[in-house]
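Structure first, commentary second.
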Amino acid sequence: MASESISVTTSDDQTIQLSRKHAQMSQTINSMLEDSVGADQEAIPLPNVSSEVLKKVIDWCTHHENDPAPVEKVKKLNKKREYKAKNSTISDEWDKNFVNAELRVIVDILLAANYLDVKGLFELMCKHIANELKGKTPDQIRERFGIQDDLTEEDKAAMRKAWGATKNDS
Amino acid sequence: MSLRSRRKSRELDVKEDDFEQKKRSHRNKEELQVIVVLPELPEEDVLIEVDEILRDTVTHLEATPLPEDEVIQMLPQEVWSLIFRRLNIYNGLQCLSGVCRSWASLVESDQSMWKDLSRQHLGELVDHMEWRPESWRSFFLKRKDQEMSPSCLIQETYRREPWKTLIAVILCQRTRGGEPVQKVVREFFKYYPTPTHMVEGDAEVMKVMIKTLGMQQNRIKAVKRCCEGFVTTEWEEAIELFGVGQLGHDSFRLVCKDRLDFTPGDPCLQNYKRWRLSTLPSQTQ
């Protein structure tokens, strides 16, 4: 393979250089690279990612470039416990700082990670949002994420019934 | 069979979790006030102007906060569904569907999520069933409990996992049900965490594990057939399952499904029912 760095064009028409190693952490870019062997002078267009977000993604890639590849899940017996462990809090200090950002930024990064198919980053963002949701009442969630309450009283009553709220059906 | 269960340590864990979360969300709020996203600056900007633009945008953004509603709409449904899967069924999904319409329909319609949940809790037997449930959601909710409350019956320890309640009753019938018995049951569930594990488990090993309870031959036979029936057959009442007697039936209805419309035969269950009624709002009595 030829050059050590790869250039990409973002949605706001900026050209950004990133190292091959980082580029390959994104499955999307990686497969584009494989498709166009030989013609690697051209910048790869990323119409769904802005330069600002891409920089964040590169930050993350730089920090995690030496992470071992995710290990396939092990024993069958431990599955349940693993499921719980998967839910648990973000352990890496750097990651904690990384996700400590405004909701808009978080969502942008999550979308970018989804589009670029950067597994670890996508997982991290999902985990973060899940943690934000955890243990909150619907009201608190609406407040935190600025969601309109468009459910009618009937909807809510039907829902209570469907979920088997037991206080009314003795 | 009123058996003391140890829930304390679990409760402590939960409290710590809550505390951590509060701390975190608090920090996030502070952070939110500090971070302001600056718009892209055009490249040909002269340096002197930059300062002005910065100041302008900052005041502008402070005046009108970002419409976060739209931010949420930006995420595609698949992503939300992945996020929802990370949440525990009890404190999670019910609460999520109470937030807004799109989430409610997402939670309700996501069959594969409910199937995954079923598999997580019941094991791989769900993949090898003769019949397809019309809705994985009701499949899951029927075989899984939704409510929690503190008490001291062993059935209650496993109330969130109805199949465990049935198995625990099979294991504890005709024992004193003290701490040693509970320990055996706990260990047993640790090694066989889902009905699938129970069905596939080596009967001889299982017999040795519960030897101290007595009647291991019959108990294991009942356990295996009950587990298989529990997951793979279409049943209406728990008593239709092999190995489930009146006590199991009553425990299942009363403790797991919280049905209070009958009088259980067992005195301990009667006590439980009395307690349960006393916790309800008065108009239902």
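Labeling convention for the structure tokens: chains A, B, ... as they appear, residues from 1 per chain, ligands from 1 in order of appearance.
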
task = Select all residues from chain A having any atom no more than 6 Å from an atom of chain B (counting only C-alpha atoms, ignoring ligands), output as JSON, numbers by chain.
result = {"A": [87, 102, 126, 130, 138, 146, 147, 149, 150, 151, 170]}

Take the residues that were just selected and, keeping all heavy atoms, output them as a short mmCIF file (atom, residue, chain, number, x, y, z; two decimals), in the first residue's frame.
data_model
loop_
_atom_site.label_atom_id
_atom_site.label_comp_id
_atom_site.auth_asym_id
_atom_site.auth_seq_id
_atom_site.Cartn_x
_atom_site.Cartn_y
_atom_site.Cartn_z
N ASN A 87 -23.88 -3.46 30.29
CA ASN A 87 -24.66 -2.28 30.64
C ASN A 87 -23.92 -1.31 31.54
O ASN A 87 -24.33 -0.18 31.67
CB ASN A 87 -25.93 -2.71 31.37
CG ASN A 87 -26.99 -3.08 30.38
OD1 ASN A 87 -26.93 -2.67 29.23
ND2 ASN A 87 -27.94 -3.85 30.81
N GLU A 102 -22.06 18.38 25.14
CA GLU A 102 -23.45 18.74 24.90
C GLU A 102 -24.16 17.67 24.10
O GLU A 102 -23.55 16.97 23.28
CB GLU A 102 -23.50 20.06 24.14
CG GLU A 102 -24.83 20.75 24.24
CD GLU A 102 -24.82 22.06 23.49
OE1 GLU A 102 -23.72 22.60 23.31
OE2 GLU A 102 -25.88 22.50 23.09
N CYS A 126 -23.53 4.90 22.47
CA CYS A 126 -24.78 4.23 22.86
C CYS A 126 -24.82 4.03 24.37
O CYS A 126 -25.82 4.27 25.03
CB CYS A 126 -24.90 2.87 22.18
SG CYS A 126 -25.41 3.00 20.47
N ALA A 130 -27.53 5.45 26.92
CA ALA A 130 -28.26 4.49 27.75
C ALA A 130 -28.10 4.84 29.22
O ALA A 130 -29.05 4.81 30.00
CB ALA A 130 -27.78 3.08 27.48
N PRO A 138 -40.09 8.96 33.13
CA PRO A 138 -40.39 9.57 31.82
C PRO A 138 -40.27 11.09 31.85
O PRO A 138 -39.75 11.69 30.92
CB PRO A 138 -41.82 9.12 31.55
CG PRO A 138 -41.94 7.83 32.25
CD PRO A 138 -41.09 7.94 33.48
N GLY A 146 -35.28 17.08 26.12
CA GLY A 146 -36.14 18.06 25.47
C GLY A 146 -37.16 17.45 24.54
O GLY A 146 -37.28 17.85 23.38
N ILE A 147 -37.88 16.44 25.00
CA ILE A 147 -38.86 15.77 24.15
C ILE A 147 -40.25 16.25 24.53
O ILE A 147 -40.55 16.44 25.71
CB ILE A 147 -38.77 14.24 24.32
CG1 ILE A 147 -37.38 13.78 23.91
CG2 ILE A 147 -39.83 13.53 23.49
CD1 ILE A 147 -37.11 12.35 24.23
N ASP A 149 -44.14 15.89 25.19
CA ASP A 149 -45.02 14.82 25.67
C ASP A 149 -46.26 14.79 24.78
O ASP A 149 -47.17 15.58 24.94
CB ASP A 149 -45.41 15.10 27.12
CG ASP A 149 -46.28 13.98 27.67
OD1 ASP A 149 -46.45 12.97 26.97
OD2 ASP A 149 -46.76 14.13 28.80
N ASP A 150 -46.27 13.87 23.80
CA ASP A 150 -47.42 13.84 22.89
C ASP A 150 -48.34 12.66 23.15
O ASP A 150 -49.11 12.25 22.30
CB ASP A 150 -46.93 13.82 21.43
CG ASP A 150 -45.99 12.66 21.16
OD1 ASP A 150 -45.71 11.90 22.11
OD2 ASP A 150 -45.54 12.51 20.02
N LEU A 151 -48.27 12.11 24.36
CA LEU A 151 -49.14 10.98 24.68
C LEU A 151 -50.40 11.50 25.36
O LEU A 151 -50.33 12.33 26.27
CB LEU A 151 -48.42 10.01 25.63
CG LEU A 151 -47.25 9.25 25.03
CD1 LEU A 151 -46.38 8.67 26.13
CD2 LEU A 151 -47.75 8.14 24.13
N SER A 170 -57.18 -6.16 40.32
CA SER A 170 -57.31 -7.23 41.30
C SER A 170 -58.69 -7.86 41.27
O SER A 170 -59.60 -7.31 40.70
CB SER A 170 -57.04 -6.70 42.70
OG SER A 170 -57.97 -5.71 43.01
#

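Residues lying within 10 Å of Cys172 in chain B, counting only C-alpha atoms and ignoring same-chain neighbours fewer than 4 positions away, are Met1, Leu3, Ile154, Gln155, Ile167, Ala168, Arg176, Gly177, Gly178, Val181, Gln182, Val184, Val185, Leu213, Gly214 and Arg219 of chain B.
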
query = Of the residues A:Glu42, A:Asp67, A:Gln27, A:His128, which is the one nearest to Asn97 in chain A, using only C-alpha atoms?
reply =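 The answer is A:His128, which sits nearest to Asn97 in chain A.
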
key: Who sits within 7 Å of Ile6 in chain A, only C-alpha atoms, same chain under 6 positions skipped, as a PyMOL selection string   = chain A and resi 17-20

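Note that the spacing between CA of Arg132 in chain B and CA of Met159 in chain A amounts to 23.9 Å.
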
task = Taking the chain letters and numbering used in this document, name the residues of range 103-273 of chain B that DSSP puts in alpha helix (DSSP H), as JSON, numbers by chain.
result = {"B": [103, 104, 105, 106, 107, 108, 109, 111, 112, 113, 114, 115, 116, 117, 118, 119, 120, 121, 122, 136, 137, 138, 139, 140, 141, 142, 154, 155, 156, 157, 162, 163, 164, 165, 166, 167, 168, 169, 170, 171, 172, 179, 180, 181, 182, 183, 184, 185, 186, 187, 188, 189, 190, 191, 195, 196, 197, 198, 199, 200, 203, 204, 205, 206, 207, 208, 209, 216, 217, 218, 219, 220, 221, 222, 223, 224, 225, 226, 227, 228, 229, 230, 231, 232, 246, 247, 248, 249, 250, 251, 267, 268, 269, 270, 271, 272, 273]}

Please write the residues from the selection above to a file, keeping C-alpha atoms, as a CSV table (one decimal), in the first residue's frame.
chain,number,residue,atom,x,y,z
B,103,TRP,CA,-40.6,5.8,21.5
B,104,ALA,CA,-43.7,4.0,22.6
B,105,SER,CA,-44.3,2.6,19.1
B,106,LEU,CA,-40.6,1.8,18.8
B,107,VAL,CA,-40.5,-0.2,22.0
B,108,GLU,CA,-43.7,-1.9,21.1
B,109,SER,CA,-43.0,-2.8,17.5
B,111,GLN,CA,-39.9,-7.7,17.7
B,112,SER,CA,-36.3,-8.6,17.5
B,113,MET,CA,-35.5,-6.7,20.6
B,114,TRP,CA,-38.2,-8.6,22.6
B,115,LYS,CA,-36.9,-11.8,21.1
B,116,ASP,CA,-33.4,-10.9,22.2
B,117,LEU,CA,-34.6,-10.2,25.7
B,118,SER,CA,-36.5,-13.5,25.7
B,119,ARG,CA,-33.3,-15.3,24.7
B,120,GLN,CA,-31.3,-13.5,27.3
B,121,HIS,CA,-33.6,-14.6,30.1
B,122,LEU,CA,-34.8,-18.0,28.9
B,136,TRP,CA,-42.5,-11.5,21.2
B,137,ARG,CA,-43.4,-8.8,23.6
B,138,SER,CA,-46.4,-10.6,25.1
B,139,PHE,CA,-44.4,-13.8,25.0
B,140,PHE,CA,-41.7,-12.2,27.0
B,141,LEU,CA,-44.0,-10.4,29.4
B,142,LYS,CA,-46.0,-13.5,30.1
B,154,ILE,CA,-38.2,-17.6,48.6
B,155,GLN,CA,-40.7,-17.3,45.8
B,156,GLU,CA,-40.3,-13.6,46.1
B,157,THR,CA,-36.5,-13.7,45.8
B,162,PRO,CA,-41.3,-16.7,37.2
B,163,TRP,CA,-39.6,-19.9,36.0
B,164,LYS,CA,-37.2,-19.6,38.9
B,165,THR,CA,-40.1,-19.3,41.3
B,166,LEU,CA,-41.6,-22.5,39.9
B,167,ILE,CA,-38.3,-24.3,40.2
B,168,ALA,CA,-37.6,-22.9,43.7
B,169,VAL,CA,-40.9,-24.3,44.8
B,170,ILE,CA,-40.1,-27.7,43.3
B,171,LEU,CA,-36.8,-27.7,45.1
B,172,CYS,CA,-38.0,-26.4,48.5
B,179,GLU,CA,-30.7,-20.8,55.0
B,180,PRO,CA,-28.9,-24.0,54.0
B,181,VAL,CA,-31.7,-24.9,51.6
B,182,GLN,CA,-31.7,-21.4,50.2
B,183,LYS,CA,-28.0,-21.6,49.6
B,184,VAL,CA,-28.4,-24.8,47.6
B,185,VAL,CA,-31.1,-23.2,45.5
B,186,ARG,CA,-28.9,-20.1,44.9
B,187,GLU,CA,-26.0,-22.2,43.8
B,188,PHE,CA,-28.2,-24.3,41.6
B,189,PHE,CA,-29.5,-21.2,39.7
B,190,LYS,CA,-25.9,-20.0,39.5
B,191,TYR,CA,-24.9,-23.0,37.5
B,195,PRO,CA,-34.4,-22.9,31.6
B,196,THR,CA,-32.3,-24.0,28.6
B,197,HIS,CA,-29.3,-24.7,30.9
B,198,MET,CA,-31.6,-26.7,33.2
B,199,VAL,CA,-32.9,-28.8,30.3
B,200,GLU,CA,-29.5,-29.4,28.8
B,203,ALA,CA,-29.0,-34.9,35.5
B,204,GLU,CA,-26.4,-36.8,37.6
B,205,VAL,CA,-24.5,-33.6,38.3
B,206,MET,CA,-27.7,-31.8,39.2
B,207,LYS,CA,-28.8,-34.6,41.5
B,208,VAL,CA,-25.5,-34.3,43.5
B,209,MET,CA,-26.0,-30.6,43.8
B,216,GLN,CA,-33.3,-35.6,44.2
B,217,GLN,CA,-34.4,-38.2,41.7
B,218,ASN,CA,-38.0,-36.8,41.5
B,219,ARG,CA,-37.0,-33.2,41.9
B,220,ILE,CA,-34.6,-33.2,38.9
B,221,LYS,CA,-37.0,-35.0,36.7
B,222,ALA,CA,-39.7,-32.4,37.6
B,223,VAL,CA,-37.2,-29.5,37.2
B,224,LYS,CA,-36.2,-30.6,33.7
B,225,ARG,CA,-39.7,-31.2,32.4
B,226,CYS,CA,-41.0,-28.1,34.0
B,227,CYS,CA,-38.3,-26.0,32.4
B,228,GLU,CA,-38.9,-27.4,29.0
B,229,GLY,CA,-42.6,-27.0,29.1
B,230,PHE,CA,-42.2,-23.5,30.5
B,231,VAL,CA,-40.4,-22.2,27.5
B,232,THR,CA,-41.5,-24.4,24.6
B,246,GLN,CA,-51.0,-26.4,44.0
B,247,LEU,CA,-48.3,-24.5,45.9
B,248,GLY,CA,-46.4,-23.8,42.7
B,249,HIS,CA,-49.6,-22.7,41.0
B,250,ASP,CA,-50.6,-20.4,43.9
B,251,SER,CA,-47.1,-19.0,44.2
B,267,PRO,CA,-50.5,-20.1,55.3
B,268,CYS,CA,-47.3,-18.2,54.3
B,269,LEU,CA,-48.8,-17.3,51.0
B,270,GLN,CA,-52.0,-16.1,52.8
B,271,ASN,CA,-49.8,-13.8,54.9
B,272,TYR,CA,-48.1,-12.6,51.8
B,273,LYS,CA,-51.4,-11.8,50.2

message = So that I can check the surroundings of Asp13 in chain A, please list as a PyMOL selection string every protein, DNA and RNA residue that reaches within 10 Å of it, counting only C-alpha atoms and ignoring chain neighbours fewer than 6 positions away.
response = chain A and resi 45-47+50-51

task = Would you mind reading off the distance between CA of Gly245 in chain B and CA of Thr263 in chain B, one decimal, in Å?
result =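 Between CA of Gly245 in chain B and CA of Thr263 in chain B the gap is 15.4 Å.
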
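Here CA of Thr9 in chain A is placed at a distance of 19.1 Å from CA of Leu110 in chain A.
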
Would you pick out the contacts of Val49 in chain A at 10 Å or less, using only C-alpha atoms, so that residues sharing its chain but fewer than 4 positions from it are not included, and give the list as a short mmCIF file (atom, residue, chain, number, x, y, z; two decimals) with all heavy atoms, in the first residue's frame?
data_model
loop_
_atom_site.label_atom_id
_atom_site.label_comp_id
_atom_site.auth_asym_id
_atom_site.auth_seq_id
_atom_site.Cartn_x
_atom_site.Cartn_y
_atom_site.Cartn_z
N THR A 9 -12.74 14.41 2.39
CA THR A 9 -13.44 15.69 2.27
C THR A 9 -14.72 15.61 3.08
O THR A 9 -15.51 14.68 2.91
CB THR A 9 -13.79 15.99 0.81
OG1 THR A 9 -12.67 15.66 0.01
CG2 THR A 9 -14.14 17.44 0.63
N THR A 10 -14.90 16.58 3.95
CA THR A 10 -16.08 16.53 4.83
C THR A 10 -17.25 17.27 4.21
O THR A 10 -17.12 17.87 3.15
CB THR A 10 -15.74 17.16 6.19
OG1 THR A 10 -15.28 18.47 5.96
CG2 THR A 10 -14.69 16.35 6.91
N SER A 11 -18.36 17.28 4.90
CA SER A 11 -19.59 17.88 4.38
C SER A 11 -19.43 19.38 4.15
O SER A 11 -20.07 19.95 3.29
CB SER A 11 -20.74 17.62 5.33
OG SER A 11 -20.47 18.21 6.57
N ASP A 12 -18.57 20.02 4.95
CA ASP A 12 -18.38 21.46 4.78
C ASP A 12 -17.16 21.75 3.90
O ASP A 12 -16.51 22.77 4.06
CB ASP A 12 -18.28 22.15 6.13
CG ASP A 12 -17.37 21.40 7.09
OD1 ASP A 12 -17.27 20.17 6.94
OD2 ASP A 12 -16.76 22.03 7.95
N PRO A 45 -14.73 11.36 -0.25
CA PRO A 45 -15.79 12.26 0.20
C PRO A 45 -16.62 11.64 1.33
O PRO A 45 -17.01 10.47 1.27
CB PRO A 45 -16.65 12.43 -1.06
CG PRO A 45 -16.39 11.21 -1.87
CD PRO A 45 -15.06 10.65 -1.47
N VAL A 53 -16.96 17.36 13.65
CA VAL A 53 -17.26 16.06 14.21
C VAL A 53 -16.15 15.07 13.86
O VAL A 53 -15.73 14.27 14.70
CB VAL A 53 -18.63 15.55 13.70
CG1 VAL A 53 -18.86 14.13 14.15
CG2 VAL A 53 -19.74 16.45 14.18
N LEU A 54 -15.67 15.17 12.63
CA LEU A 54 -14.61 14.25 12.22
C LEU A 54 -13.39 14.41 13.11
O LEU A 54 -12.74 13.43 13.49
CB LEU A 54 -14.23 14.49 10.76
CG LEU A 54 -13.24 13.47 10.20
CD1 LEU A 54 -13.86 12.09 10.18
CD2 LEU A 54 -12.77 13.87 8.82
N LYS A 55 -13.09 15.65 13.48
CA LYS A 55 -11.94 15.88 14.37
C LYS A 55 -12.14 15.16 15.69
O LYS A 55 -11.21 14.58 16.24
CB LYS A 55 -11.73 17.37 14.58
CG LYS A 55 -10.88 18.00 13.49
CD LYS A 55 -10.82 19.50 13.62
CE LYS A 55 -10.38 20.10 12.29
NZ LYS A 55 -10.90 21.45 12.10
N ASP A 108 -24.29 14.08 17.18
CA ASP A 108 -23.50 14.18 15.94
C ASP A 108 -22.43 13.11 15.87
O ASP A 108 -22.25 12.47 14.84
CB ASP A 108 -22.85 15.57 15.87
CG ASP A 108 -23.85 16.63 15.40
OD1 ASP A 108 -24.86 16.21 14.83
OD2 ASP A 108 -23.60 17.82 15.61
N ILE A 109 -21.73 12.92 16.97
CA ILE A 109 -20.66 11.92 16.97
C ILE A 109 -21.25 10.53 16.78
O ILE A 109 -20.72 9.70 16.03
CB ILE A 109 -19.84 11.99 18.27
CG1 ILE A 109 -19.14 13.34 18.38
CG2 ILE A 109 -18.81 10.88 18.31
CD1 ILE A 109 -18.45 13.56 19.69
N LEU A 111 -23.97 9.71 15.24
CA LEU A 111 -24.36 9.55 13.84
C LEU A 111 -23.14 9.30 12.95
O LEU A 111 -23.16 8.44 12.07
CB LEU A 111 -25.10 10.81 13.36
CG LEU A 111 -26.54 10.93 13.81
CD1 LEU A 111 -27.09 12.30 13.44
CD2 LEU A 111 -27.39 9.84 13.17
N ALA A 112 -22.08 10.07 13.23
CA ALA A 112 -20.86 9.90 12.45
C ALA A 112 -20.30 8.50 12.65
O ALA A 112 -19.91 7.83 11.70
CB ALA A 112 -19.84 10.95 12.85
N ALA A 113 -20.28 8.06 13.91
CA ALA A 113 -19.73 6.73 14.20
C ALA A 113 -20.56 5.66 13.52
O ALA A 113 -20.03 4.66 13.03
CB ALA A 113 -19.71 6.50 15.71
N TYR A 115 -22.29 6.11 10.70
CA TYR A 115 -22.04 6.20 9.27
C TYR A 115 -20.66 5.65 8.92
O TYR A 115 -20.50 4.88 7.98
CB TYR A 115 -22.17 7.66 8.84
CG TYR A 115 -21.72 7.91 7.43
CD1 TYR A 115 -22.45 7.40 6.36
CD2 TYR A 115 -20.57 8.65 7.16
CE1 TYR A 115 -22.03 7.62 5.06
CE2 TYR A 115 -20.15 8.88 5.87
CZ TYR A 115 -20.88 8.36 4.82
OH TYR A 115 -20.46 8.57 3.54
N LEU A 116 -19.67 6.03 9.71
CA LEU A 116 -18.30 5.58 9.44
C LEU A 116 -18.07 4.15 9.91
O LEU A 116 -17.06 3.55 9.58
CB LEU A 116 -17.29 6.51 10.14
CG LEU A 116 -17.25 7.95 9.65
CD1 LEU A 116 -16.36 8.78 10.57
CD2 LEU A 116 -16.75 8.00 8.23
#
